[in-house]
>>> print(open('coords.csv').read())   # CSV, C-alpha atoms and all ligand atoms
chain,number,residue,atom,x,y,z
H,846,MET,CA,-42.8,-14.0,97.5
H,847,THR,CA,-43.5,-17.0,95.2
H,848,THR,CA,-41.0,-19.8,94.9
H,849,GLU,CA,-41.0,-22.0,91.9
H,850,ILE,CA,-40.7,-25.6,92.9
H,851,THR,CA,-40.4,-28.3,90.3
H,852,PRO,CA,-39.6,-32.0,90.9
H,853,THR,CA,-35.9,-31.9,90.0
H,854,VAL,CA,-34.9,-34.1,92.9
H,855,SER,CA,-37.7,-36.7,93.4
H,856,ALA,CA,-36.7,-38.9,90.5
H,857,THR,CA,-33.4,-39.8,92.1
H,858,ILE,CA,-34.2,-40.0,95.9
H,859,PRO,CA,-32.0,-42.6,97.5
H,860,ALA,CA,-33.5,-44.9,100.2
H,861,PRO,CA,-32.7,-43.8,103.7
H,862,ALA,CA,-29.5,-45.4,105.2
H,863,THR,CA,-31.3,-46.2,108.4
H,864,PRO,CA,-34.9,-46.2,109.8
H,865,TYR,CA,-34.0,-43.2,111.9
H,866,GLN,CA,-32.9,-41.2,108.7
H,867,GLY,CA,-36.3,-42.2,107.2
H,868,ASP,CA,-38.0,-40.6,110.3
H,869,ILE,CA,-35.8,-37.4,109.9
H,870,ALA,CA,-36.5,-37.2,106.1
H,871,ARG,CA,-40.3,-37.4,106.9
H,872,TYR,CA,-40.0,-34.8,109.6
H,873,TRP,CA,-38.4,-32.2,107.3
H,874,ASN,CA,-40.6,-33.1,104.4
H,875,ASN,CA,-43.6,-32.2,106.5
H,876,GLU,CA,-42.2,-29.1,108.2
H,877,ALA,CA,-43.9,-25.8,107.3
H,878,ARG,CA,-43.8,-23.8,110.5
H,879,PRO,CA,-44.7,-20.1,110.1
H,880,VAL,CA,-41.7,-19.2,112.3
H,881,ASN,CA,-39.5,-20.4,109.4
H,882,LEU,CA,-41.5,-19.6,106.3
H,883,ARG,CA,-42.7,-16.1,107.3
H,884,LEU,CA,-39.1,-15.2,108.3
H,885,GLY,CA,-37.8,-16.5,105.0
H,886,ASP,CA,-40.4,-14.5,103.1
H,887,VAL,CA,-38.8,-11.3,104.4
H,888,ASP,CA,-36.0,-11.5,101.7
H,889,GLY,CA,-36.1,-15.0,100.3
H,890,LEU,CA,-33.4,-16.5,102.5
H,891,TYR,CA,-34.9,-19.5,104.2
H,892,HIS,CA,-33.2,-20.6,107.4
H,893,HIS,CA,-33.6,-23.5,109.8
H,894,HIS,CA,-31.3,-22.2,112.5
H,895,TYR,CA,-31.5,-19.6,115.3
H,896,GLY,CA,-30.2,-16.0,115.7
H,897,ILE,CA,-27.4,-14.1,117.3
H,898,GLY,CA,-26.7,-10.5,118.3
H,899,ALA,CA,-28.4,-7.7,120.1
H,900,VAL,CA,-32.0,-6.9,119.4
H,901,ASN,CA,-32.5,-3.5,117.7
H,902,HIS,CA,-35.3,-2.1,119.9
H,903,GLU,CA,-35.4,1.2,118.1
H,904,ALA,CA,-36.2,-0.6,114.8
H,905,LEU,CA,-39.0,-2.6,116.5
H,906,GLY,CA,-40.7,0.6,117.8
H,907,ASP,CA,-44.0,0.6,119.8
H,908,PRO,CA,-45.4,-2.9,120.5
H,909,GLU,CA,-48.9,-1.4,120.3
H,910,HIS,CA,-48.3,-0.2,116.7
H,911,SER,CA,-50.1,-2.2,113.9
H,912,GLU,CA,-46.8,-2.8,112.1
H,913,TYR,CA,-45.0,-4.2,115.2
H,914,GLU,CA,-45.5,-7.9,114.4
H,915,LYS,CA,-44.1,-7.4,110.9
H,916,LYS,CA,-41.1,-5.6,112.3
H,917,LEU,CA,-40.6,-8.3,114.9
H,918,ILE,CA,-40.5,-11.0,112.2
H,919,ALA,CA,-38.0,-8.9,110.2
H,920,GLU,CA,-35.8,-8.5,113.3
H,921,LEU,CA,-35.8,-12.3,114.1
H,922,HIS,CA,-34.9,-12.9,110.5
H,923,ARG,CA,-32.1,-10.3,110.7
H,924,LEU,CA,-30.6,-12.2,113.7
H,925,GLU,CA,-30.8,-15.6,111.9
H,926,SER,CA,-29.0,-14.2,108.9
H,927,ALA,CA,-26.4,-12.6,111.2
H,928,GLN,CA,-25.8,-16.1,112.6
H,929,ALA,CA,-25.1,-17.4,109.1
H,930,GLU,CA,-22.8,-14.5,108.3
H,931,PHE,CA,-20.9,-15.2,111.4
H,932,LEU,CA,-20.4,-18.9,110.4
H,933,LEU,CA,-19.2,-17.8,106.9
H,934,ASP,CA,-16.8,-15.4,108.5
H,935,HIS,CA,-14.9,-18.4,109.8
H,936,LEU,CA,-14.5,-20.4,106.6
H,937,GLY,CA,-11.1,-18.8,105.8
H,938,PRO,CA,-10.1,-17.6,102.4
H,939,VAL,CA,-12.5,-18.8,99.7
H,940,THR,CA,-12.3,-17.9,96.0
H,941,ALA,CA,-14.8,-18.1,93.2
H,942,ASP,CA,-13.1,-21.3,91.9
H,943,ASP,CA,-13.6,-23.1,95.2
H,944,THR,CA,-16.3,-25.6,96.2
H,945,LEU,CA,-18.0,-25.5,99.6
H,946,VAL,CA,-20.2,-28.1,101.2
H,947,ASP,CA,-23.2,-27.4,103.4
H,948,ALA,CA,-23.9,-30.6,105.3
H,949,GLY,CA,-27.6,-30.7,106.3
H,950,CYS,CA,-28.5,-27.7,104.2
H,951,GLY,CA,-32.2,-27.3,105.0
H,952,ARG,CA,-33.9,-24.9,102.6
H,953,GLY,CA,-30.6,-23.5,101.5
H,954,GLY,CA,-30.4,-19.9,103.0
H,955,SER,CA,-26.8,-20.3,104.1
H,956,MET,CA,-25.8,-21.7,100.7
H,957,VAL,CA,-27.2,-18.6,98.9
H,958,MET,CA,-25.4,-16.3,101.3
H,959,ALA,CA,-22.1,-18.2,100.8
H,960,HIS,CA,-22.4,-17.9,97.0
H,961,GLN,CA,-23.3,-14.2,97.2
H,962,ARG,CA,-20.3,-13.6,99.4
H,963,PHE,CA,-17.6,-15.7,97.6
H,964,GLY,CA,-18.9,-16.3,94.1
H,965,CYS,CA,-18.1,-19.9,94.6
H,966,LYS,CA,-19.9,-23.2,94.0
H,967,VAL,CA,-21.9,-24.5,97.0
H,968,GLU,CA,-23.1,-28.1,97.3
H,969,GLY,CA,-25.8,-28.9,99.9
H,970,VAL,CA,-27.1,-32.2,101.2
H,971,THR,CA,-30.3,-32.8,103.1
H,972,LEU,CA,-32.3,-35.9,103.8
H,973,SER,CA,-35.5,-34.1,102.7
H,974,ALA,CA,-36.6,-34.0,99.1
H,975,THR,CA,-39.0,-31.2,99.9
H,976,GLN,CA,-36.1,-29.1,101.2
H,977,ALA,CA,-33.8,-29.9,98.3
H,978,GLU,CA,-36.5,-29.0,95.8
H,979,PHE,CA,-37.2,-25.8,97.6
H,980,GLY,CA,-33.5,-24.8,97.7
H,981,ASN,CA,-33.1,-25.6,94.0
H,982,GLY,CA,-36.2,-23.6,93.2
H,983,ARG,CA,-34.8,-20.6,95.1
H,984,ALA,CA,-31.4,-21.0,93.2
H,985,ARG,CA,-33.3,-21.0,89.9
H,986,ASP,CA,-35.3,-17.9,90.9
H,987,LEU,CA,-32.0,-16.2,91.7
H,988,ARG,CA,-30.4,-17.6,88.5
H,989,ILE,CA,-27.6,-19.1,90.5
H,990,GLN,CA,-28.5,-22.8,89.8
H,991,GLY,CA,-25.1,-23.3,88.1
H,992,HIS,CA,-23.4,-22.5,91.4
H,993,VAL,CA,-25.8,-23.5,94.2
H,994,ARG,CA,-27.2,-27.1,94.3
H,995,SER,CA,-29.1,-29.1,96.9
H,996,ARG,CA,-29.5,-32.8,96.7
H,997,VAL,CA,-31.0,-35.6,98.8
H,998,CYS,CA,-28.0,-37.3,100.3
H,999,ASN,CA,-26.8,-38.7,103.6
H,1000,MET,CA,-24.1,-36.4,104.9
H,1001,LEU,CA,-22.2,-39.4,106.3
H,1002,ASP,CA,-21.8,-40.9,102.8
H,1003,THR,CA,-21.5,-38.1,100.1
H,1004,PRO,CA,-20.4,-38.3,96.5
H,1005,PHE,CA,-17.7,-35.5,96.9
H,1006,GLU,CA,-14.3,-36.6,95.9
H,1007,LYS,CA,-11.5,-37.0,98.4
H,1008,GLY,CA,-9.7,-33.7,99.0
H,1009,SER,CA,-11.9,-31.7,96.6
H,1010,VAL,CA,-13.6,-29.2,99.0
H,1011,THR,CA,-12.1,-26.0,100.3
H,1012,ALA,CA,-14.4,-25.6,103.3
H,1013,SER,CA,-17.5,-27.2,104.7
H,1014,TRP,CA,-20.0,-26.7,107.5
H,1015,ASN,CA,-22.9,-28.0,109.6
H,1016,ASN,CA,-25.3,-25.3,110.7
H,1017,GLU,CA,-27.4,-26.8,113.5
H,1018,SER,CA,-27.4,-30.3,111.8
H,1019,THR,CA,-24.8,-32.3,113.7
H,1020,MET,CA,-27.4,-33.5,116.3
H,1021,TYR,CA,-28.8,-36.0,113.8
H,1022,VAL,CA,-25.7,-38.1,113.4
H,1023,ASP,CA,-22.8,-39.8,115.1
H,1024,LEU,CA,-20.0,-37.3,115.3
H,1025,HIS,CA,-17.2,-39.7,114.5
H,1026,ASP,CA,-18.9,-40.8,111.3
H,1027,LEU,CA,-19.6,-37.2,110.4
H,1028,PHE,CA,-16.1,-35.8,111.0
H,1029,ALA,CA,-14.6,-38.8,109.1
H,1030,GLU,CA,-16.6,-37.8,106.1
H,1031,HIS,CA,-15.8,-34.1,106.3
H,1032,SER,CA,-12.1,-35.0,106.7
H,1033,ARG,CA,-12.3,-37.2,103.7
H,1034,PHE,CA,-13.6,-34.7,101.2
H,1035,LEU,CA,-11.9,-31.6,102.6
H,1036,LYS,CA,-8.5,-30.5,101.2
H,1037,VAL,CA,-5.6,-30.6,103.6
H,1038,GLY,CA,-5.4,-27.0,105.0
H,1039,GLY,CA,-9.2,-26.7,104.4
H,1040,ARG,CA,-11.6,-25.5,107.0
H,1041,TYR,CA,-14.6,-27.0,108.8
H,1042,VAL,CA,-17.1,-24.9,110.8
H,1043,THR,CA,-20.1,-25.8,112.9
H,1044,ILE,CA,-22.6,-23.8,114.8
H,1045,THR,CA,-24.5,-26.1,117.2
H,1046,GLY,CA,-26.2,-26.5,120.5
H,1047,CYS,CA,-24.3,-28.9,122.8
H,1048,TRP,CA,-24.8,-30.0,126.4
H,1049,ASN,CA,-22.3,-28.8,128.8
H,1050,PRO,CA,-20.1,-31.4,130.6
H,1051,ARG,CA,-19.7,-29.0,133.5
H,1052,TYR,CA,-23.5,-29.5,134.2
H,1053,GLY,CA,-23.0,-33.3,134.5
H,1054,GLN,CA,-25.5,-34.9,132.1
H,1055,PRO,CA,-28.1,-33.7,129.7
H,1056,SER,CA,-30.7,-31.6,131.7
H,1057,LYS,CA,-34.4,-32.1,131.4
H,1058,TRP,CA,-34.5,-29.1,129.1
H,1059,VAL,CA,-31.9,-30.7,126.8
H,1060,SER,CA,-34.0,-33.9,126.8
H,1061,GLN,CA,-37.1,-31.8,125.9
H,1062,ILE,CA,-35.3,-30.3,122.9
H,1063,ASN,CA,-34.2,-33.7,121.8
H,1064,ALA,CA,-37.8,-35.0,122.0
H,1065,HIS,CA,-39.2,-31.9,120.2
H,1066,PHE,CA,-36.9,-32.3,117.2
H,1067,GLU,CA,-36.3,-36.1,117.3
H,1068,CYS,CA,-32.6,-35.3,117.5
H,1069,ASN,CA,-29.7,-36.3,119.9
H,1070,ILE,CA,-27.7,-33.4,121.2
H,1071,HIS,CA,-24.1,-34.2,121.8
H,1072,SER,CA,-21.8,-32.8,124.6
H,1073,ARG,CA,-19.1,-30.2,124.0
H,1074,ARG,CA,-16.5,-32.8,125.0
H,1075,GLU,CA,-17.8,-35.2,122.3
H,1076,TYR,CA,-17.3,-32.6,119.6
H,1077,LEU,CA,-13.7,-31.9,120.5
H,1078,ARG,CA,-12.8,-35.6,120.9
H,1079,ALA,CA,-14.4,-36.6,117.5
H,1080,MET,CA,-12.6,-33.8,115.7
H,1081,ALA,CA,-9.3,-34.7,117.2
H,1082,ASP,CA,-9.8,-38.3,116.1
H,1083,ASN,CA,-10.5,-37.1,112.5
H,1084,ARG,CA,-7.6,-34.7,111.7
H,1085,LEU,CA,-9.8,-31.7,112.4
H,1086,VAL,CA,-7.9,-29.3,114.8
H,1087,PRO,CA,-10.0,-26.6,116.5
H,1088,GLN,CA,-8.7,-23.2,115.6
H,1089,THR,CA,-11.6,-21.2,117.2
H,1090,VAL,CA,-14.2,-22.2,119.8
H,1091,ILE,CA,-16.7,-19.4,120.6
H,1092,ASP,CA,-19.5,-19.7,123.2
H,1093,LEU,CA,-22.4,-17.9,121.5
H,1094,THR,CA,-24.8,-18.6,124.4
H,1095,PRO,CA,-25.0,-15.0,125.6
H,1096,ASP,CA,-25.4,-13.8,121.9
H,1097,THR,CA,-28.3,-16.1,121.2
H,1098,LEU,CA,-30.4,-15.4,124.3
H,1099,PRO,CA,-31.8,-12.1,123.1
H,1100,TYR,CA,-33.1,-13.9,120.0
H,1101,TRP,CA,-34.9,-16.4,122.1
H,1102,GLU,CA,-36.3,-13.8,124.5
H,1103,LEU,CA,-37.6,-11.8,121.6
H,1104,ARG,CA,-39.0,-14.9,119.8
H,1105,ALA,CA,-40.8,-15.9,123.1
H,1106,THR,CA,-42.9,-12.6,122.8
H,1107,SER,CA,-43.9,-13.2,119.2
H,1108,SER,CA,-47.1,-14.8,117.7
H,1109,LEU,CA,-44.9,-17.4,116.0
H,1110,VAL,CA,-43.9,-19.3,119.2
H,1111,THR,CA,-43.7,-23.0,118.7
H,1112,GLY,CA,-43.6,-24.1,122.4
H,1113,ILE,CA,-39.8,-24.9,122.5
H,1114,GLU,CA,-38.7,-21.4,123.6
H,1115,GLU,CA,-38.8,-22.0,127.3
H,1116,ALA,CA,-36.5,-25.1,127.0
H,1117,PHE,CA,-33.9,-23.1,125.1
H,1118,ILE,CA,-34.1,-20.1,127.4
H,1119,GLU,CA,-34.0,-22.1,130.7
H,1120,SER,CA,-31.2,-24.4,129.6
H,1121,TYR,CA,-29.0,-21.5,128.3
H,1122,ARG,CA,-29.6,-19.7,131.6
H,1123,ASP,CA,-28.9,-22.7,133.9
H,1124,GLY,CA,-25.7,-23.5,132.0
H,1125,SER,CA,-26.8,-27.0,131.0
H,1126,PHE,CA,-26.8,-26.2,127.3
H,1127,GLN,CA,-24.5,-24.0,125.2
H,1128,TYR,CA,-24.7,-22.5,121.7
H,1129,VAL,CA,-21.2,-22.7,120.2
H,1130,LEU,CA,-19.2,-22.1,117.0
H,1131,ILE,CA,-16.2,-24.4,116.4
H,1132,ALA,CA,-13.9,-23.8,113.4
H,1133,ALA,CA,-11.3,-26.4,112.7
H,1134,ASP,CA,-8.4,-26.8,110.3
H,1135,ARG,CA,-8.2,-30.0,108.3
H,1136,VAL,CA,-4.6,-31.1,108.9
I,1201,LIG,C1,-32.2,-27.8,111.7
I,1201,LIG,S1,-32.0,-28.1,110.0
I,1201,LIG,C2,-30.6,-27.0,109.6
I,1201,LIG,C3,-30.7,-26.6,108.1
I,1201,LIG,C4,-29.6,-25.6,107.6
I,1201,LIG,N1,-28.3,-26.0,108.0
I,1201,LIG,C5,-29.9,-24.2,108.1
I,1201,LIG,O1,-29.0,-23.6,108.8
I,1201,LIG,O2,-30.9,-23.6,107.7
I,1201,LIG,C6,-31.3,-29.7,110.0
I,1201,LIG,C7,-31.0,-30.3,108.6
I,1201,LIG,O3,-30.1,-31.4,108.8
I,1201,LIG,C8,-30.5,-32.3,107.8
I,1201,LIG,N2,-30.0,-33.7,108.1
I,1201,LIG,C9,-30.2,-34.4,109.2
I,1201,LIG,N3,-29.5,-35.6,109.2
I,1201,LIG,C10,-28.9,-35.6,108.0
I,1201,LIG,C11,-28.1,-36.6,107.3
I,1201,LIG,N4,-27.8,-37.7,107.8
I,1201,LIG,N5,-27.7,-36.3,106.0
I,1201,LIG,C12,-28.0,-35.1,105.4
I,1201,LIG,N6,-28.8,-34.1,106.0
I,1201,LIG,C13,-29.2,-34.4,107.3
I,1201,LIG,C14,-32.0,-32.3,107.7
I,1201,LIG,O4,-32.5,-32.8,106.5
I,1201,LIG,C15,-32.2,-30.7,107.8
I,1201,LIG,O5,-32.0,-30.2,106.5
I,1202,LIG,C1,-29.6,-25.8,118.5
I,1202,LIG,C2,-30.3,-27.0,118.3
I,1202,LIG,C3,-30.4,-28.0,119.3
I,1202,LIG,C4,-31.0,-27.2,117.1
I,1202,LIG,C5,-31.7,-28.4,116.7
I,1202,LIG,C6,-31.9,-28.4,115.2
I,1202,LIG,C7,-33.0,-27.5,114.8
I,1202,LIG,C8,-34.3,-28.2,114.7
I,1202,LIG,C9,-32.7,-26.3,114.4
I,1202,LIG,C10,-33.7,-25.2,114.0
I,1202,LIG,O1,-34.6,-25.6,113.0
I,1202,LIG,P1,-35.9,-24.8,112.8
I,1202,LIG,O2,-35.5,-23.3,112.4
I,1202,LIG,O3,-36.7,-25.5,111.8
I,1202,LIG,O4,-36.6,-24.7,114.2
I,1202,LIG,P2,-37.8,-23.7,114.7
I,1202,LIG,O5,-39.0,-24.2,114.0
I,1202,LIG,O6,-37.8,-23.9,116.2
I,1202,LIG,O7,-37.4,-22.3,114.3
I,1203,MG,MG,-36.5,-21.6,112.7
>>> encode(input="coords.csv", output="structure tokens")
Amino acid sequence: MTTEITPTVSATIPAPATPYQGDIARYWNNEARPVNLRLGDVDGLYHHHYGIGAVNHEALGDPEHSEYEKKLIAELHRLESAQAEFLLDHLGPVTADDTLVDAGCGRGGSMVMAHQRFGCKVEGVTLSATQAEFGNGRARDLRIQGHVRSRVCNMLDTPFEKGSVTASWNNESTMYVDLHDLFAEHSRFLKVGGRYVTITGCWNPRYGQPSKWVSQINAHFECNIHSRREYLRAMADNRLVPQTVIDLTPDTLPYWELRATSSLVTGIEEAFIESYRDGSFQYVLIAADRV
């Protein structure tokens, strides 16, 4: 699949708010891992998040078969898209007249899925000009550029008007920011009665402190994973009242176990598998009402 990329964003790139955000912008501008691009090439939905659900071993067939690796890639991608569908399931009622915000939108796969499901406008923000241009290129390819737009913008300081957004989400992008600052900003632009959803990895307070595996994941991605407790506290402080908290850890393990057998491994698979198994790390969905 070829993706048209034109420099629609680069003329207006704001300076990073902090040196750290400059590091993260560089990280995502330079990212081109086959585990993300080859999965996205399956159907043109490019994700930077992980998968949930049971592996369909029947669809994979015989590991010795010449087509097995191609089927494995399609299966990992199916599980990543299932994760995004599950997040969208928790946004509440959304109509074609509504605006949604994807905070930390990556290459925009979840935004396209949201527009295709609801017919609504979706605004995405990322620190990376490469990602925003890629997402806008995909939207143009699909002729949905009037509804789906990515821009380079700090999710802690967005241009969205107070109370103008029906629902918003962070899909695996909360570990790059202070949660109080983040939820204050979502709370500002969400309508009263609107919905906020995150799917994220968090360290488990029951374990005690971040395990060595959690520290390894932080170092690998230059991020700072928060604890489950911190999420709930920061939401409560910002008029976001959890409606649903779901532990997706058992649902994401099959994805990781399958990914660990593929040719697209990146070296981080062991840290996810071991930390999910020893209980130090959890994969969760939290859906909250803006009250
Ligand atoms: C792991 S990717 C997730 C991408 C996307 N949510 C998905 O599911 O495919 C993390 C994203 O968070 C973005 N990000 C990190 N800190 C940010 C910030 N302060 N403002 C806006 N985006 C940020 C990065 O640019 C990147 O797009
Ligand atoms: C759950 C946690 C802690 C996520 C950290 C954020 C992150 C880097 C997500 C996946 O991005 P990606 O799809 O680019 O990563 P990979 O290349 O490993 O697939
Ligand atoms: Mg990935």
>>> residues_around(input="coords.csv", residues="Asp1092 (chain H)", least_positions_apart="2", cutoff="7 Å", atoms="all atoms listed in the file", output="PyMOL selection string")
chain H and resi 1090+1094+1127-1130
>>> write_last_selection(input="coords.csv", atoms="C-alpha atoms", output="PDB file, in the frame of the given file")
ATOM      1  CA  VAL H1090     -14.200 -22.200 119.800  1.00  0.00           C
ATOM      2  CA  THR H1094     -24.800 -18.600 124.400  1.00  0.00           C
ATOM      3  CA  GLN H1127     -24.500 -24.000 125.200  1.00  0.00           C
ATOM      4  CA  TYR H1128     -24.700 -22.500 121.700  1.00  0.00           C
ATOM      5  CA  VAL H1129     -21.200 -22.700 120.200  1.00  0.00           C
ATOM      6  CA  LEU H1130     -19.200 -22.100 117.000  1.00  0.00           C
TER       7      LEU H1130
END
>>> closest_residue(input="coords.csv", among="H:His894, H:Arg985, H:Arg996, H:Lys916", to="Gly954 (chain H)", atoms="all atoms listed in the file")
H:His894
>>> closest_residue(input="coords.csv", among="H:Ser926, H:Thr863, H:Gln1088, H:Ser1032", to="ligand MG 1203 (chain I)", atoms="only C-alpha atoms and all ligand atoms")
H:Ser926
>>> atom_distance(input="coords.csv", atom1="CA of Cys950 (chain H)", atom2="atom N2 of ligand LIG 1201 (chain I)")
7.3 Å
>>> closest_atom_pairs(input="coords.csv", of="chain H", to="ligand LIG 1201 (chain I)", cutoff="8 Å", atoms="all atoms listed in the file", output="Markdown table")
| residue | atom | partner | partner_atom | distance |
| --- | --- | --- | --- | --- |
| H:Gln866 | CA | I:LIG1201 | N4 | 6.3 |
| H:Ile869 | CA | I:LIG1201 | C9 | 6.4 |
| H:Ala870 | CA | I:LIG1201 | O4 | 6.0 |
| H:Trp873 | CA | I:LIG1201 | O4 | 6.0 |
| H:Tyr891 | CA | I:LIG1201 | O2 | 6.7 |
| H:His892 | CA | I:LIG1201 | O2 | 3.8 |
| H:His893 | CA | I:LIG1201 | O2 | 3.4 |
| H:His894 | CA | I:LIG1201 | O1 | 4.6 |
| H:Ala929 | CA | I:LIG1201 | O1 | 7.3 |
| H:Asp947 | CA | I:LIG1201 | N1 | 7.0 |
| H:Ala948 | CA | I:LIG1201 | N6 | 6.1 |
| H:Gly949 | CA | I:LIG1201 | O3 | 3.6 |
| H:Cys950 | CA | I:LIG1201 | C4 | 4.1 |
| H:Gly951 | CA | I:LIG1201 | O5 | 3.3 |
| H:Arg952 | CA | I:LIG1201 | O2 | 6.1 |
| H:Gly953 | CA | I:LIG1201 | O2 | 6.2 |
| H:Gly954 | CA | I:LIG1201 | O2 | 6.0 |
| H:Ser955 | CA | I:LIG1201 | O1 | 6.1 |
| H:Val970 | CA | I:LIG1201 | C12 | 5.2 |
| H:Thr971 | CA | I:LIG1201 | N6 | 3.5 |
| H:Leu972 | CA | I:LIG1201 | O4 | 4.1 |
| H:Ser973 | CA | I:LIG1201 | O4 | 5.0 |
| H:Gln976 | CA | I:LIG1201 | O5 | 6.8 |
| H:Val997 | CA | I:LIG1201 | C12 | 7.3 |
| H:Cys998 | CA | I:LIG1201 | C12 | 5.6 |
| H:Asn999 | CA | I:LIG1201 | N5 | 3.5 |
| H:Met1000 | CA | I:LIG1201 | N5 | 3.8 |
| H:Leu1001 | CA | I:LIG1201 | N4 | 6.0 |
| H:Asn1015 | CA | I:LIG1201 | N1 | 6.0 |
| H:Asn1016 | CA | I:LIG1201 | N1 | 4.1 |
| H:Glu1017 | CA | I:LIG1201 | C2 | 5.0 |
| H:Ser1018 | CA | I:LIG1201 | O3 | 4.2 |
| H:Thr1019 | CA | I:LIG1201 | O3 | 7.3 |
| H:Met1020 | CA | I:LIG1201 | C9 | 7.7 |
| H:Tyr1021 | CA | I:LIG1201 | N3 | 4.7 |
| H:Val1022 | CA | I:LIG1201 | N4 | 6.0 |
>>> residues_near_ligand(input="coords.csv", ligand="ligand MG 1203 (chain I)", cutoff="10 Å", atoms="all atoms listed in the file", output="ChimeraX atom specification")
/H:878-885,891-896,921-922,925,1109,1111
>>> write_last_selection(input="coords.csv", atoms="C-alpha atoms", output="PDB file, in the frame of the given file")
ATOM      1  CA  ARG H 878     -43.800 -23.800 110.500  1.00  0.00           C
ATOM      2  CA  PRO H 879     -44.700 -20.100 110.100  1.00  0.00           C
ATOM      3  CA  VAL H 880     -41.700 -19.200 112.300  1.00  0.00           C
ATOM      4  CA  ASN H 881     -39.500 -20.400 109.400  1.00  0.00           C
ATOM      5  CA  LEU H 882     -41.500 -19.600 106.300  1.00  0.00           C
ATOM      6  CA  ARG H 883     -42.700 -16.100 107.300  1.00  0.00           C
ATOM      7  CA  LEU H 884     -39.100 -15.200 108.300  1.00  0.00           C
ATOM      8  CA  GLY H 885     -37.800 -16.500 105.000  1.00  0.00           C
ATOM      9  CA  TYR H 891     -34.900 -19.500 104.200  1.00  0.00           C
ATOM     10  CA  HIS H 892     -33.200 -20.600 107.400  1.00  0.00           C
ATOM     11  CA  HIS H 893     -33.600 -23.500 109.800  1.00  0.00           C
ATOM     12  CA  HIS H 894     -31.300 -22.200 112.500  1.00  0.00           C
ATOM     13  CA  TYR H 895     -31.500 -19.600 115.300  1.00  0.00           C
ATOM     14  CA  GLY H 896     -30.200 -16.000 115.700  1.00  0.00           C
ATOM     15  CA  LEU H 921     -35.800 -12.300 114.100  1.00  0.00           C
ATOM     16  CA  HIS H 922     -34.900 -12.900 110.500  1.00  0.00           C
ATOM     17  CA  GLU H 925     -30.800 -15.600 111.900  1.00  0.00           C
ATOM     18  CA  LEU H1109     -44.900 -17.400 116.000  1.00  0.00           C
ATOM     19  CA  THR H1111     -43.700 -23.000 118.700  1.00  0.00           C
TER      20      THR H1111
END
>>> residues_around(input="coords.csv", residues="Gly898 (chain H)", least_positions_apart="5", cutoff="10 Å", atoms="only C-alpha atoms", output="JSON, numbers by chain")
{"H": [923, 924, 925, 927, 928, 1093, 1095, 1096, 1097, 1098, 1099, 1100]}
>>> residues_around(input="coords.csv", residues="Glu1030 (chain H)", least_positions_apart="5", cutoff="10 Å", atoms="all atoms listed in the file", output="list in words")
Met1000, Leu1001, Asp1002, Thr1003, Phe1005, Lys1007, Leu1024, His1025, Leu1035 and Asn1083 of chain H
>>> atom_distance(input="coords.csv", atom1="CA of Ile1044 (chain H)", atom2="CA of Phe1066 (chain H)")
16.8 Å
>>> closest_residue(input="coords.csv", among="H:Asp1134, H:Asp1023, H:Glu920, H:Asp986", to="Arg1084 (chain H)", atoms="all atoms listed in the file")
H:Asp1134
>>> closest_residue(input="coords.csv", among="H:His960, H:Lys1057, H:Arg994, H:Arg1051", to="Phe1117 (chain H)", atoms="all atoms listed in the file")
H:Lys1057
